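*Asks:* Okay, so here is my_file30.txt, and as you'll see once you scroll down, it has compact mmCIF, C-alpha atoms.
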# COMPACT_ATOMS: atom_id res chain seq x y z
CA MET A 112 -84.22 -189.38 -262.47
CA LYS A 113 -80.48 -189.00 -262.50
CA LEU A 114 -79.10 -185.87 -264.11
CA TRP A 115 -76.91 -186.55 -267.13
CA ASN A 116 -73.26 -186.25 -266.23
CA LYS A 117 -71.80 -183.36 -268.17
CA LYS A 118 -68.49 -185.18 -268.12
CA VAL A 119 -69.71 -187.14 -271.13
CA ALA A 120 -68.30 -184.30 -273.17
CA GLY A 121 -64.90 -185.46 -271.97
CA MET A 122 -65.22 -189.05 -273.15
CA THR A 123 -62.14 -190.82 -274.38
CA VAL A 124 -60.63 -190.01 -277.76
CA LEU A 125 -61.98 -193.32 -279.07
CA THR A 126 -65.55 -192.43 -278.24
CA MET A 127 -65.23 -188.80 -279.26
CA SER A 128 -64.05 -189.96 -282.65
CA LEU A 129 -67.50 -191.42 -283.10
CA LEU A 130 -69.19 -188.05 -282.61
CA LEU A 131 -69.62 -186.64 -286.05
CA ALA A 132 -69.80 -183.19 -287.58
CA ALA A 133 -73.17 -181.49 -287.94
CA CYS A 134 -75.09 -181.83 -291.16
CA SER A 135 -74.92 -178.86 -293.56
CA GLY A 136 -78.18 -177.29 -294.72
CA ASP A 137 -76.87 -177.14 -298.31
CA ASP A 138 -78.02 -180.69 -299.03
CA GLU A 139 -80.67 -180.94 -301.70
CA ALA A 140 -84.21 -181.78 -300.69
CA THR A 141 -85.21 -185.37 -301.22
CA ASP A 142 -87.42 -186.54 -304.03
CA SER A 143 -90.36 -186.58 -301.62
CA GLY A 144 -90.97 -183.00 -302.58
CA THR A 145 -91.03 -181.77 -299.00
CA ASP A 146 -89.34 -178.63 -297.75
CA SER A 147 -86.06 -179.33 -295.97
CA GLY A 148 -86.67 -176.56 -293.48
CA GLY A 149 -83.32 -174.83 -293.98
CA ASP A 150 -80.13 -175.00 -291.90
CA THR A 151 -80.69 -175.99 -288.30
CA GLY A 152 -78.39 -177.03 -285.51
CA GLY A 153 -74.75 -178.02 -285.91
CA ASP A 154 -71.82 -175.68 -286.35
CA GLU A 155 -73.59 -173.48 -288.91
CA GLY A 156 -76.82 -173.00 -286.97
CA THR A 157 -79.34 -170.30 -287.69
CA GLU A 158 -80.97 -167.87 -285.28
CA GLU A 159 -84.43 -169.07 -286.30
CA GLN A 160 -85.77 -171.68 -283.88
CA VAL A 161 -87.26 -174.85 -285.31
CA THR A 162 -89.58 -177.20 -283.40
CA ILE A 163 -89.65 -180.88 -284.23
CA THR A 164 -91.87 -183.62 -282.84
CA TYR A 165 -90.34 -186.90 -281.69
CA ALA A 166 -92.64 -189.91 -281.22
CA ALA A 167 -91.62 -192.92 -279.14
CA GLY A 168 -93.14 -195.49 -276.83
CA VAL A 169 -93.62 -195.13 -273.10
CA ASP A 170 -90.29 -194.63 -271.31
CA VAL A 171 -90.45 -195.28 -267.57
CA THR A 172 -86.69 -194.71 -267.15
CA GLY A 173 -86.66 -191.00 -267.92
CA ALA A 174 -83.83 -191.44 -270.43
CA THR A 175 -85.85 -189.78 -273.20
CA ASP A 176 -86.23 -186.59 -271.18
CA VAL A 177 -82.49 -186.50 -270.54
CA LEU A 178 -81.73 -187.05 -274.23
CA ILE A 179 -83.98 -184.18 -275.25
CA GLU A 180 -82.64 -181.89 -272.54
CA GLU A 181 -79.02 -182.48 -273.52
CA PHE A 182 -79.74 -182.16 -277.25
CA GLU A 183 -81.56 -178.86 -276.79
CA ALA A 184 -78.69 -177.54 -274.64
CA GLN A 185 -76.29 -178.28 -277.47
CA ASN A 186 -78.70 -177.13 -280.20
CA PRO A 187 -80.52 -174.08 -278.81
CA ASN A 188 -82.17 -173.41 -282.17
CA ILE A 189 -83.97 -176.76 -282.21
CA LYS A 190 -86.78 -177.53 -279.77
CA VAL A 191 -87.97 -181.13 -279.44
CA GLU A 192 -91.53 -181.97 -278.44
CA TYR A 193 -91.94 -185.54 -277.20
CA ARG A 194 -95.11 -187.39 -278.23
CA GLU A 195 -95.64 -190.55 -276.19
CA MET A 196 -96.95 -193.48 -278.21
CA PRO A 197 -98.79 -196.55 -276.87
CA ALA A 198 -96.77 -199.15 -274.99
CA ASP A 199 -98.25 -201.76 -277.35
CA THR A 200 -95.89 -201.72 -280.34
CA GLY A 201 -98.59 -203.07 -282.63
CA ALA A 202 -100.84 -200.14 -281.75
CA SER A 203 -98.00 -197.69 -282.37
CA HIS A 204 -97.25 -199.32 -285.71
CA ASP A 205 -100.85 -198.99 -286.84
CA GLN A 206 -101.03 -195.33 -285.79
CA TYR A 207 -97.87 -194.55 -287.76
CA VAL A 208 -99.17 -196.31 -290.87
CA THR A 209 -102.45 -194.39 -290.69
CA MET A 210 -100.67 -191.05 -290.28
CA PHE A 211 -97.89 -191.52 -292.82
CA SER A 212 -100.11 -193.04 -295.50
CA SER A 213 -102.04 -189.75 -295.48
CA GLN A 214 -98.73 -187.79 -295.66
CA ASP A 215 -99.25 -186.39 -292.18
CA ALA A 216 -96.25 -184.25 -291.23
CA SER A 217 -97.08 -183.74 -287.54
CA ILE A 218 -94.33 -186.18 -286.47
CA ASP A 219 -90.77 -185.58 -287.63
CA VAL A 220 -88.75 -188.31 -285.89
CA PHE A 221 -90.00 -191.65 -284.59
CA ASP A 222 -88.65 -194.82 -283.03
CA ALA A 223 -89.24 -198.03 -284.97
CA ASP A 224 -89.11 -201.69 -284.07
CA VAL A 225 -86.30 -203.44 -285.96
CA ILE A 226 -88.87 -205.26 -288.11
CA TRP A 227 -90.51 -202.08 -289.45
CA PRO A 228 -87.93 -200.22 -291.62
CA ALA A 229 -88.37 -202.20 -294.86
CA GLU A 230 -92.16 -201.89 -294.67
CA PHE A 231 -91.98 -198.16 -293.99
CA ALA A 232 -89.39 -197.67 -296.73
CA GLN A 233 -91.45 -199.37 -299.41
CA GLY A 234 -94.59 -197.60 -298.20
CA GLN A 235 -92.86 -194.23 -298.76
CA TYR A 236 -93.35 -193.38 -295.08
CA ALA A 237 -89.67 -193.03 -294.15
CA LEU A 238 -86.97 -190.73 -295.43
CA GLU A 239 -83.83 -192.34 -296.86
CA LEU A 240 -80.85 -191.18 -294.81
CA ASP A 241 -77.91 -191.87 -297.13
CA ARG A 242 -77.34 -188.24 -298.12
CA PHE A 243 -77.11 -187.21 -294.46
CA ILE A 244 -74.85 -190.15 -293.57
CA ASP A 245 -72.54 -189.38 -296.49
CA ALA A 246 -72.47 -185.63 -295.86
CA ASP A 247 -71.49 -186.13 -292.22
CA GLY A 248 -69.07 -188.94 -292.97
CA ILE A 249 -70.74 -191.34 -290.53
CA ASP A 250 -68.99 -194.69 -290.37
CA MET A 251 -71.76 -197.27 -290.33
CA GLU A 252 -69.20 -199.96 -289.52
CA GLN A 253 -69.03 -198.66 -285.95
CA TYR A 254 -72.47 -200.22 -285.38
CA PHE A 255 -73.15 -203.93 -284.96
CA PRO A 256 -73.77 -205.32 -288.47
CA GLY A 257 -77.20 -206.77 -287.72
CA THR A 258 -78.51 -203.44 -286.47
CA VAL A 259 -77.41 -201.69 -289.66
CA ALA A 260 -78.90 -204.39 -291.87
CA SER A 261 -82.25 -204.04 -290.12
CA GLY A 262 -82.48 -200.43 -291.25
CA GLN A 263 -81.72 -201.08 -294.92
CA PHE A 264 -83.98 -201.66 -297.90
CA ASN A 265 -82.94 -202.01 -301.53
CA GLY A 266 -79.40 -200.94 -300.68
CA ARG A 267 -80.35 -197.71 -298.91
CA GLN A 268 -80.37 -196.82 -295.22
CA TYR A 269 -83.75 -195.77 -293.85
CA ALA A 270 -83.15 -196.11 -290.09
CA MET A 271 -80.31 -195.52 -287.64
CA PRO A 272 -79.65 -198.10 -284.90
CA LYS A 273 -80.63 -196.77 -281.47
CA PHE A 274 -80.44 -199.65 -278.98
CA THR A 275 -80.33 -203.39 -279.37
CA ASP A 276 -81.31 -206.74 -277.91
CA ALA A 277 -80.50 -210.36 -278.71
CA GLY A 278 -81.26 -213.87 -277.49
CA LEU A 279 -79.04 -215.47 -274.82
CA LEU A 280 -78.50 -218.92 -273.33
CA TYR A 281 -78.99 -218.96 -269.54
CA TYR A 282 -77.61 -221.79 -267.43
CA ARG A 283 -77.45 -222.84 -263.78
CA THR A 284 -73.93 -222.31 -262.49
CA ASP A 285 -74.60 -224.61 -259.51
CA ILE A 286 -75.24 -227.45 -261.97
CA VAL A 287 -73.19 -226.60 -265.06
CA GLU A 288 -69.45 -225.91 -265.03
CA GLU A 289 -69.17 -224.95 -268.71
CA PRO A 290 -72.18 -224.19 -270.93
CA PRO A 291 -72.68 -226.14 -274.15
CA THR A 292 -71.14 -224.64 -277.28
CA THR A 293 -73.19 -226.57 -279.88
CA TRP A 294 -76.83 -227.63 -280.18
CA ASP A 295 -75.74 -231.28 -280.02
CA GLU A 296 -73.97 -230.58 -276.72
CA LEU A 297 -77.02 -228.76 -275.38
CA ILE A 298 -79.28 -231.71 -276.24
CA THR A 299 -76.90 -234.13 -274.49
CA MET A 300 -76.38 -231.97 -271.40
CA ALA A 301 -80.05 -231.02 -271.04
CA GLY A 302 -81.00 -234.68 -271.04
CA GLU A 303 -78.27 -235.76 -268.63
CA LEU A 304 -78.63 -232.87 -266.14
CA GLN A 305 -82.42 -232.71 -266.04
CA GLY A 306 -83.50 -233.28 -262.43
CA GLU A 307 -80.30 -231.97 -260.86
CA ALA A 308 -80.72 -229.52 -257.95
CA GLY A 309 -84.48 -229.93 -257.99
CA THR A 310 -84.98 -229.01 -261.65
CA GLU A 311 -87.79 -230.52 -263.70
CA PHE A 312 -86.58 -229.62 -267.16
CA GLY A 313 -83.34 -229.52 -269.10
CA TYR A 314 -84.24 -226.64 -271.42
CA LEU A 315 -86.79 -223.84 -271.82
CA MET A 316 -87.54 -221.78 -274.92
CA GLN A 317 -90.42 -219.99 -276.68
CA ALA A 318 -92.39 -222.40 -278.90
CA ASN A 319 -95.91 -220.96 -278.83
CA GLN A 320 -97.36 -219.81 -282.16
CA TYR A 321 -96.44 -216.11 -281.97
CA GLU A 322 -93.61 -213.76 -282.93
CA GLY A 323 -91.34 -215.06 -280.17
CA MET A 324 -91.36 -218.52 -281.74
CA VAL A 325 -90.17 -216.95 -285.00
CA THR A 326 -87.19 -215.39 -283.23
CA ASN A 327 -86.25 -218.81 -281.83
CA ALA A 328 -86.61 -220.37 -285.29
CA ILE A 329 -84.39 -217.73 -286.90
CA GLU A 330 -81.64 -218.65 -284.42
CA PHE A 331 -81.83 -222.34 -285.29
CA ILE A 332 -81.98 -221.60 -289.02
CA ALA A 333 -79.15 -219.03 -289.09
CA SER A 334 -76.84 -221.15 -286.90
CA HIS A 335 -77.12 -223.87 -289.56
CA GLY A 336 -76.37 -221.42 -292.38
CA GLY A 337 -79.94 -220.95 -293.61
CA GLN A 338 -81.96 -217.87 -294.46
CA VAL A 339 -85.61 -217.02 -295.04
CA VAL A 340 -85.32 -213.95 -297.28
CA ASP A 341 -81.95 -212.91 -298.70
CA GLU A 342 -80.44 -209.45 -299.22
CA ASN A 343 -82.12 -209.24 -302.66
CA ASN A 344 -85.57 -209.74 -301.12
CA GLU A 345 -85.72 -213.24 -302.62
CA VAL A 346 -87.32 -216.10 -300.70
CA VAL A 347 -84.65 -218.75 -300.01
CA VAL A 348 -86.21 -220.64 -297.11
CA ASN A 349 -86.41 -224.02 -298.86
CA SER A 350 -82.77 -225.02 -298.49
CA PRO A 351 -80.88 -227.90 -296.82
CA GLU A 352 -79.45 -225.46 -294.27
CA THR A 353 -82.84 -224.08 -293.25
CA ILE A 354 -84.30 -227.59 -293.07
CA ALA A 355 -81.43 -228.65 -290.78
CA GLY A 356 -82.17 -225.73 -288.46
CA ILE A 357 -85.88 -226.51 -288.35
CA GLN A 358 -85.11 -230.17 -287.64
CA THR A 359 -82.93 -229.27 -284.66
CA MET A 360 -85.76 -227.12 -283.31
CA ILE A 361 -88.21 -230.01 -283.81
CA ASP A 362 -85.87 -232.43 -282.04
CA ILE A 363 -85.59 -230.18 -278.98
CA VAL A 364 -89.30 -229.35 -278.77
CA ASN A 365 -90.17 -233.05 -278.96
CA SER A 366 -87.55 -234.16 -276.44
CA ASP A 367 -88.20 -235.45 -272.93
CA PHE A 368 -86.26 -232.60 -271.29
CA VAL A 369 -88.62 -229.72 -272.17
CA PRO A 370 -92.03 -229.09 -270.54
CA SER A 371 -94.85 -231.18 -272.00
CA ASN A 372 -96.68 -227.91 -272.73
CA ILE A 373 -93.67 -226.21 -274.37
CA LEU A 374 -95.89 -225.29 -277.34
CA SER A 375 -97.66 -222.81 -275.04
CA PHE A 376 -94.45 -221.18 -273.78
CA GLN A 377 -93.79 -217.50 -274.45
CA GLU A 378 -91.23 -215.29 -272.68
CA THR A 379 -93.34 -214.96 -269.54
CA GLU A 380 -93.74 -218.71 -269.07
CA THR A 381 -90.02 -219.20 -269.71
CA ASN A 382 -89.08 -216.54 -267.18
CA ASN A 383 -91.47 -217.81 -264.51
CA ALA A 384 -90.27 -221.41 -264.80
CA TRP A 385 -86.66 -220.28 -264.83
CA VAL A 386 -86.76 -218.04 -261.75
CA GLY A 387 -88.74 -220.80 -260.06
CA GLY A 388 -85.69 -223.03 -260.37
CA GLN A 389 -87.31 -225.49 -262.75
CA ALA A 390 -84.69 -225.71 -265.52
CA VAL A 391 -80.98 -226.23 -266.20
CA PHE A 392 -80.88 -224.14 -269.41
CA ALA A 393 -83.14 -221.50 -270.96
CA ARG A 394 -83.21 -219.26 -274.01
CA ASN A 395 -84.54 -215.75 -273.38
CA TRP A 396 -83.75 -212.05 -273.83
CA PRO A 397 -81.24 -210.10 -271.67
CA TYR A 398 -83.94 -208.83 -269.31
CA MET A 399 -84.08 -212.25 -267.62
CA GLN A 400 -80.71 -211.61 -266.02
CA SER A 401 -82.41 -208.97 -263.89
CA THR A 402 -85.34 -211.16 -262.87
CA SER A 403 -82.96 -214.03 -262.14
CA ALA A 404 -80.94 -211.86 -259.76
CA ASP A 405 -83.96 -210.63 -257.76
CA GLU A 406 -83.32 -212.29 -254.40
CA GLU A 407 -86.89 -211.70 -253.23
CA ALA A 408 -88.59 -213.31 -256.24
CA SER A 409 -86.01 -215.67 -257.74
CA GLU A 410 -85.03 -219.10 -256.47
CA VAL A 411 -81.91 -219.11 -258.65
CA ALA A 412 -80.38 -215.78 -257.60
CA GLY A 413 -76.62 -216.09 -257.47
CA ASN A 414 -76.62 -219.31 -259.50
CA VAL A 415 -77.19 -217.99 -263.02
CA GLY A 416 -74.74 -217.58 -265.87
CA PHE A 417 -75.32 -216.76 -269.51
CA ALA A 418 -73.54 -217.45 -272.77
CA THR A 419 -73.98 -217.13 -276.50
CA LEU A 420 -76.54 -219.48 -277.97
CA PRO A 421 -75.18 -222.85 -279.15
CA GLU A 422 -73.60 -223.26 -282.56
CA GLY A 423 -74.99 -225.16 -285.50
CA ASP A 424 -73.02 -226.06 -288.62
CA ALA A 425 -72.48 -222.36 -289.39
CA GLY A 426 -71.76 -221.04 -285.88
CA SER A 427 -73.81 -219.24 -283.25
CA ALA A 428 -76.67 -216.88 -284.10
CA ALA A 429 -78.93 -214.74 -281.93
CA THR A 430 -82.03 -213.06 -283.32
CA LEU A 431 -81.81 -209.30 -283.25
CA GLY A 432 -84.26 -207.25 -281.24
CA GLY A 433 -84.21 -203.57 -280.35
CA TRP A 434 -85.22 -200.24 -281.83
CA MET A 435 -84.22 -197.92 -284.66
CA THR A 436 -84.89 -194.23 -285.26
CA MET A 437 -86.39 -192.93 -288.51
CA ILE A 438 -87.50 -189.66 -290.09
CA ASN A 439 -90.97 -189.11 -291.52
CA ARG A 440 -90.59 -188.61 -295.29
CA TYR A 441 -93.14 -185.80 -295.10
CA SER A 442 -91.42 -183.89 -292.31
CA GLU A 443 -91.09 -180.19 -293.05
CA ASN A 444 -87.96 -180.00 -290.90
CA GLN A 445 -85.77 -182.79 -292.26
CA GLU A 446 -82.45 -181.11 -291.48
CA ALA A 447 -83.36 -180.49 -287.84
CA ALA A 448 -84.85 -183.97 -287.60
CA TRP A 449 -81.56 -185.46 -288.80
CA GLU A 450 -79.58 -183.50 -286.21
CA PHE A 451 -81.70 -185.08 -283.46
CA VAL A 452 -81.47 -188.57 -284.99
CA LYS A 453 -77.71 -188.18 -285.32
CA PHE A 454 -77.40 -187.15 -281.69
CA MET A 455 -79.61 -189.91 -280.26
CA THR A 456 -77.97 -192.67 -282.28
CA GLY A 457 -74.42 -191.32 -281.97
CA ALA A 458 -71.99 -192.08 -279.17
CA GLU A 459 -73.16 -189.39 -276.77
CA GLY A 460 -76.86 -190.14 -277.18
CA GLN A 461 -76.37 -193.88 -276.86
CA THR A 462 -74.27 -193.39 -273.73
CA ILE A 463 -77.12 -191.40 -272.20
CA SER A 464 -79.57 -194.16 -273.16
CA ALA A 465 -77.31 -196.79 -271.59
CA VAL A 466 -76.61 -194.91 -268.35
CA GLU A 467 -80.07 -193.46 -267.82
CA GLY A 468 -82.23 -196.15 -269.41
CA GLY A 469 -80.19 -199.35 -269.29
CA ARG A 470 -80.47 -199.71 -273.07
CA ALA A 471 -77.79 -201.71 -274.87
CA PRO A 472 -75.79 -199.54 -277.31
CA THR A 473 -75.53 -200.44 -280.97
CA ILE A 474 -72.04 -198.87 -281.21
CA GLU A 475 -69.57 -201.59 -280.26
CA ALA A 476 -66.84 -199.25 -278.97
CA LEU A 477 -69.14 -197.93 -276.24
CA TYR A 478 -68.88 -201.24 -274.39
CA GLU A 479 -65.30 -200.25 -273.57
CA GLU A 480 -66.46 -197.11 -271.76
CA THR A 481 -66.52 -197.22 -267.96
CA GLU A 482 -69.83 -195.33 -267.77
CA VAL A 483 -71.52 -197.87 -270.00
CA GLN A 484 -69.98 -200.88 -268.26
CA GLU A 485 -71.18 -199.61 -264.91
CA ALA A 486 -74.72 -199.02 -266.20
CA ALA A 487 -75.54 -202.75 -266.36
CA THR A 488 -73.69 -205.96 -265.59
CA LEU A 489 -74.39 -207.25 -269.09
CA PHE A 490 -72.62 -204.31 -270.72
CA ALA A 491 -69.31 -205.31 -269.16
CA ASN A 492 -69.62 -208.93 -270.23
CA GLU A 493 -67.69 -210.12 -273.28
CA GLN A 494 -70.20 -212.90 -273.93
CA PHE A 495 -72.97 -210.34 -274.30
CA VAL A 496 -70.95 -208.24 -276.74
CA GLU A 497 -70.14 -211.38 -278.71
CA THR A 498 -73.85 -212.19 -278.86
CA LEU A 499 -74.58 -208.74 -280.30
CA GLN A 500 -71.82 -209.22 -282.88
CA ASN A 501 -73.52 -212.42 -284.03
CA ALA A 502 -77.06 -211.05 -283.94
CA VAL A 503 -79.03 -211.60 -287.14
CA PRO A 504 -82.10 -209.63 -288.19
CA ARG A 505 -85.41 -211.22 -288.92
CA PRO A 506 -86.27 -211.23 -292.65
CA VAL A 507 -85.82 -207.67 -293.91
CA THR A 508 -88.86 -207.31 -296.15
CA PRO A 509 -91.70 -204.80 -296.53
CA ILE A 510 -94.22 -207.60 -295.95
CA TYR A 511 -92.62 -208.93 -292.79
CA PRO A 512 -95.93 -209.31 -290.88
CA ARG A 513 -97.14 -211.68 -293.63
CA ILE A 514 -93.81 -213.57 -293.67
CA SER A 515 -94.01 -213.96 -289.89
CA ASP A 516 -97.57 -215.29 -290.08
CA ILE A 517 -96.53 -217.90 -292.65
CA MET A 518 -93.59 -218.98 -290.52
CA GLN A 519 -95.70 -219.23 -287.40
CA VAL A 520 -98.29 -221.49 -289.00
CA GLN A 521 -95.88 -223.81 -290.82
CA LEU A 522 -93.36 -224.09 -287.99
CA SER A 523 -96.10 -224.73 -285.43
CA GLN A 524 -97.36 -227.62 -287.55
CA ALA A 525 -93.82 -228.99 -287.79
CA LEU A 526 -93.22 -228.69 -284.04
CA ALA A 527 -96.52 -230.45 -283.38
CA GLY A 528 -95.46 -233.32 -285.64
CA ASP A 529 -98.14 -232.70 -288.27
CA ILE A 530 -95.61 -232.05 -291.07
CA THR A 531 -91.87 -232.64 -291.55
CA ALA A 532 -89.13 -230.04 -291.61
CA GLU A 533 -88.87 -230.56 -295.38
CA GLU A 534 -92.58 -229.99 -295.84
CA ALA A 535 -92.52 -226.88 -293.64
CA ALA A 536 -89.68 -225.37 -295.69
CA ALA A 537 -91.35 -226.20 -299.01
CA ASN A 538 -94.70 -224.79 -297.85
CA MET A 539 -93.06 -221.59 -296.57
CA GLN A 540 -91.23 -221.14 -299.88
CA GLU A 541 -94.44 -221.47 -301.89
CA GLU A 542 -96.56 -219.26 -299.64
CA MET A 543 -93.91 -216.57 -299.22
CA GLU A 544 -93.27 -216.36 -302.96
CA ALA A 545 -97.01 -215.95 -303.51
CA ALA A 546 -97.17 -213.23 -300.85
CA MET A 547 -94.23 -211.42 -302.43
CA ALA A 548 -95.97 -211.48 -305.81
CA GLU A 549 -99.19 -209.92 -304.55
Show me this structure written as structure tokens.
*Replies:*
Amino acid sequence: MKLWNKKVAGMTVLTMSLLLAACSGDDEATDSGTDSGGDTGGDEGTEEQVTITYAAGVDVTGATDVLIEEFEAQNPNIKVEYREMPADTGASHDQYVTMFSSQDASIDVFDADVIWPAEFAQGQYALELDRFIDADGIDMEQYFPGTVASGQFNGRQYAMPKFTDAGLLYYRTDIVEEPPTTWDELITMAGELQGEAGTEFGYLMQANQYEGMVTNAIEFIASHGGQVVDENNEVVVNSPETIAGIQTMIDIVNSDFVPSNILSFQETETNNAWVGGQAVFARNWPYMQSTSADEEASEVAGNVGFATLPEGDAGSAATLGGWMTMINRYSENQEAAWEFVKFMTGAEGQTISAVEGGRAPTIEALYEETEVQEAATLFANEQFVETLQNAVPRPVTPIYPRISDIMQVQLSQALAGDITAEEAAANMQEEMEAAMAE
């Protein structure tokens, strides 16, 4: 593991301006009825040491250890104990729900998938963070908009953006001079260039009936101006814009330039076919840049470029991935927990995560920092930053798992040709409204 460079304290004025003052312990306790734990950390620290527990998934990079070490060095009165959660995010989710529903206070801070905050907010598992954000004057506009929106519910902020991810369009630079800018252009180019340089397919994507197919669908829908659930938690999926997005997805899945078994493709199948040199274009997450560049395992190393996903009638859209950080509503050390959350999700913490863990920051200004740019090729690429600017969250709703299930079933039927785009949208509207009413 690399040691964190202490020079981060001397970051540019721009980045240092993002580091915010410590939270005062004079804030009132929240309506959860828990004890705030008194003043901890920051400029007005207390001599009494407080121990908080931070839960997060398996981290093979060692970045978490460096984050904790640096935080404790700067906040000697707060000790952080790291609890490693399962690598399977579904298993972690279920453990959190079991613990928090019984008001278990053994975890203070935890990492959350971007699709969890609304569920945890409505379930009274997570602490609303607005009073801390306001007290410390944190400018939420420094973060990419989609990452902030993912942590909101009913107009309040329940999670702070930690690191992010978004879909990208990969293309073969030995075949394509300029990538397509619209879905219509992609369809034309994929059909015309299929077979060039030994390729079998024009385009690869994720169309299997699982969560990855939903992320693809959101990109088609949003790029045509559609939504599934709006900011008021109202179902708005049955619209001309959403139908247009679904239709474009249907057209591509049923084209001659995708694999005949595209309905079984997840990320792994996409990656394997891509690094095997089988396609001209592919949609996948940023990690595929690394597998593409592996000269020992990839047949396309040195011939891969990436761009923002094609535009529909309303522009380009990439589905947001990544992780947030939240505080357990029943934590007995809320002030100390906030200090750690503020550090991890602030400029210094996110720089550590980028340099030590290769995690994409959610603070846009950090992509101008040399340390961050040198941490990964993607971080120095304007196209990647533009993709993050356009990233859209999946439906922000406390019943997201149910919404996702409905989308998977209806969209899979549409892609298989069993129902039309119009029927899929109408069915989703009816079933989602019923689910919301339960």
*Asks:* If we count all atoms listed in the file, what is near Phe312 in chain A at a cut-off of 10 Å, once residues fewer than 6 positions away on the same chain are taken out, given as a ChimeraX atom specification?
*Replies:* /A:301-302,304-306,367-371,384-385,388-393
*Asks:* Could you give me, as a ChimeraX atom specification, the residues that sit within 7 Å of (-72.8, -195.1, -269.1) in the file's coordinates, counting all atoms listed in the file?
*Replies:* /A:462-463,465-466,481-486
*Asks:* Each residue of range 518-538 of chain A lying at most 7 Å from range 342-366 of chain A should get a row with its shortest atom-to-atom pair and the distance in Å to one decimal, counting all atoms listed in the file; could you produce that, ordered by chain and increasing number, as a Markdown table?
*Replies:*
| residue | atom | partner | partner_atom | distance |
| --- | --- | --- | --- | --- |
| A:Ala525 | CA | A:Ile361 | CA | 7.0 |
| A:Leu526 | CA | A:Ile361 | CA | 5.2 |
| A:Ala532 | CA | A:Ile354 | CA | 5.6 |
| A:Glu533 | CA | A:Ile354 | CA | 5.9 |
| A:Ala536 | CA | A:Asn349 | CA | 4.8 |
| A:Ala537 | CA | A:Asn349 | CA | 5.4 |
*Asks:* Using only C-alpha atoms, which of the listed residues (A:Thr402, A:Asn501, A:Thr379, A:Gln233) sits closest to Gly323 in chain A?
*Replies:*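 Going through A:Thr402, A:Asn501, A:Thr379, A:Gln233 one by one, the smallest distance to Gly323 in chain A is for A:Thr379.
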*Asks:* Find, counting all atoms listed in the file, the residue in A:Gly336, A:Pro228, A:Pro509, A:Gly248 that gets nearest to Glu422 in chain A.
*Replies:* A:Gly336
*Asks:* Show me, as a VMD selection string, the residues that have an atom within 8 Å of Gly168 in chain A when counting all atoms listed in the file, minus same-chain residues fewer than 4 positions from it.
*Replies:* chain A and resid 195 to 198 200 203 222
*Asks:* Work out how far CA of Gln317 in chain A is from CA of Ser409 in chain A, in Å to one decimal.
*Replies:*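 About the pair CA of Ser409 in chain A and CA of Gln317 in chain A: they are 19.9 Å apart.
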*Asks:* What does the distance from CA of Asp424 in chain A to CA of Val503 in chain A come to in Å, to one decimal?
*Replies:*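 CA of Asp424 in chain A sits 15.7 Å away from CA of Val503 in chain A.
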*Asks:* Distance CA of Ala408 in chain A-CA of Val287 in chain A, one decimal place?
*Replies:*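 Computing the Euclidean distance for CA of Ala408 in chain A and CA of Val287 in chain A yields 22.2 Å.
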*Asks:* If we count all atoms listed in the file and set the cut-off at 7 Å, which residues sit around Trp396 in chain A, ignoring sequence neighbours fewer than 5 positions away in its own chain? Please answer as JSON, numbers by chain.
*Replies:* {"A": [277, 278, 279]}
*Asks:* Using only C-alpha atoms, find the one residue out of A:Pro421, A:Leu238, A:Phe376, A:Ala545 that sits nearest to Asp295 in chain A.
*Replies:*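 Going through A:Pro421, A:Leu238, A:Phe376, A:Ala545 one by one, the smallest distance to Asp295 in chain A is for A:Pro421.
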*Asks:* Neighbouring residues of Phe495 in chain A were defined as those with any atom within 9 Å, considering only C-alpha atoms; residues of the same chain fewer than 3 positions away were excluded. Please report them as an MDAnalysis selection string.
*Replies:* chainID A and resid 277 279 397 417:419 489:492 498:500
*Asks:* Report as lines of an AutoDock Vina configuration file the centre and the edge lengths, in Å to one decimal, of the axis-aligned box holding every listed atom of range 421-425 of chain A, padded by 5 Å on each side.
*Replies:*
center_x = -73.8
center_y = -224.2
center_z = -284.3
size_x = 12.7
size_y = 13.7
size_z = 20.2
*Asks:* Using only C-alpha atoms, which residue out of A:Gly173, A:Ala527, A:Val191, A:Glu467 lies closest to Gln160 in chain A?
*Replies:*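 Ranking A:Gly173, A:Ala527, A:Val191, A:Glu467 by distance to Gln160 in chain A, first place goes to A:Val191.
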*Asks:* Which residue gives the smallest distance to Leu178 in chain A among A:Glu407, A:Glu459, A:Asp250, A:Glu378, with all atoms listed in the file counted?
*Replies:*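 Of the candidates, the smallest distance to Leu178 in chain A is held by A:Glu459.
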*Asks:* Using all atoms listed in the file for the distances, tell me which of A:Gln445, A:Thr162, A:Gln461, A:Gln320 is nearest to Val520 in chain A.
*Replies:*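 Ranking A:Gln445, A:Thr162, A:Gln461, A:Gln320 by distance to Val520 in chain A, first place goes to A:Gln320.
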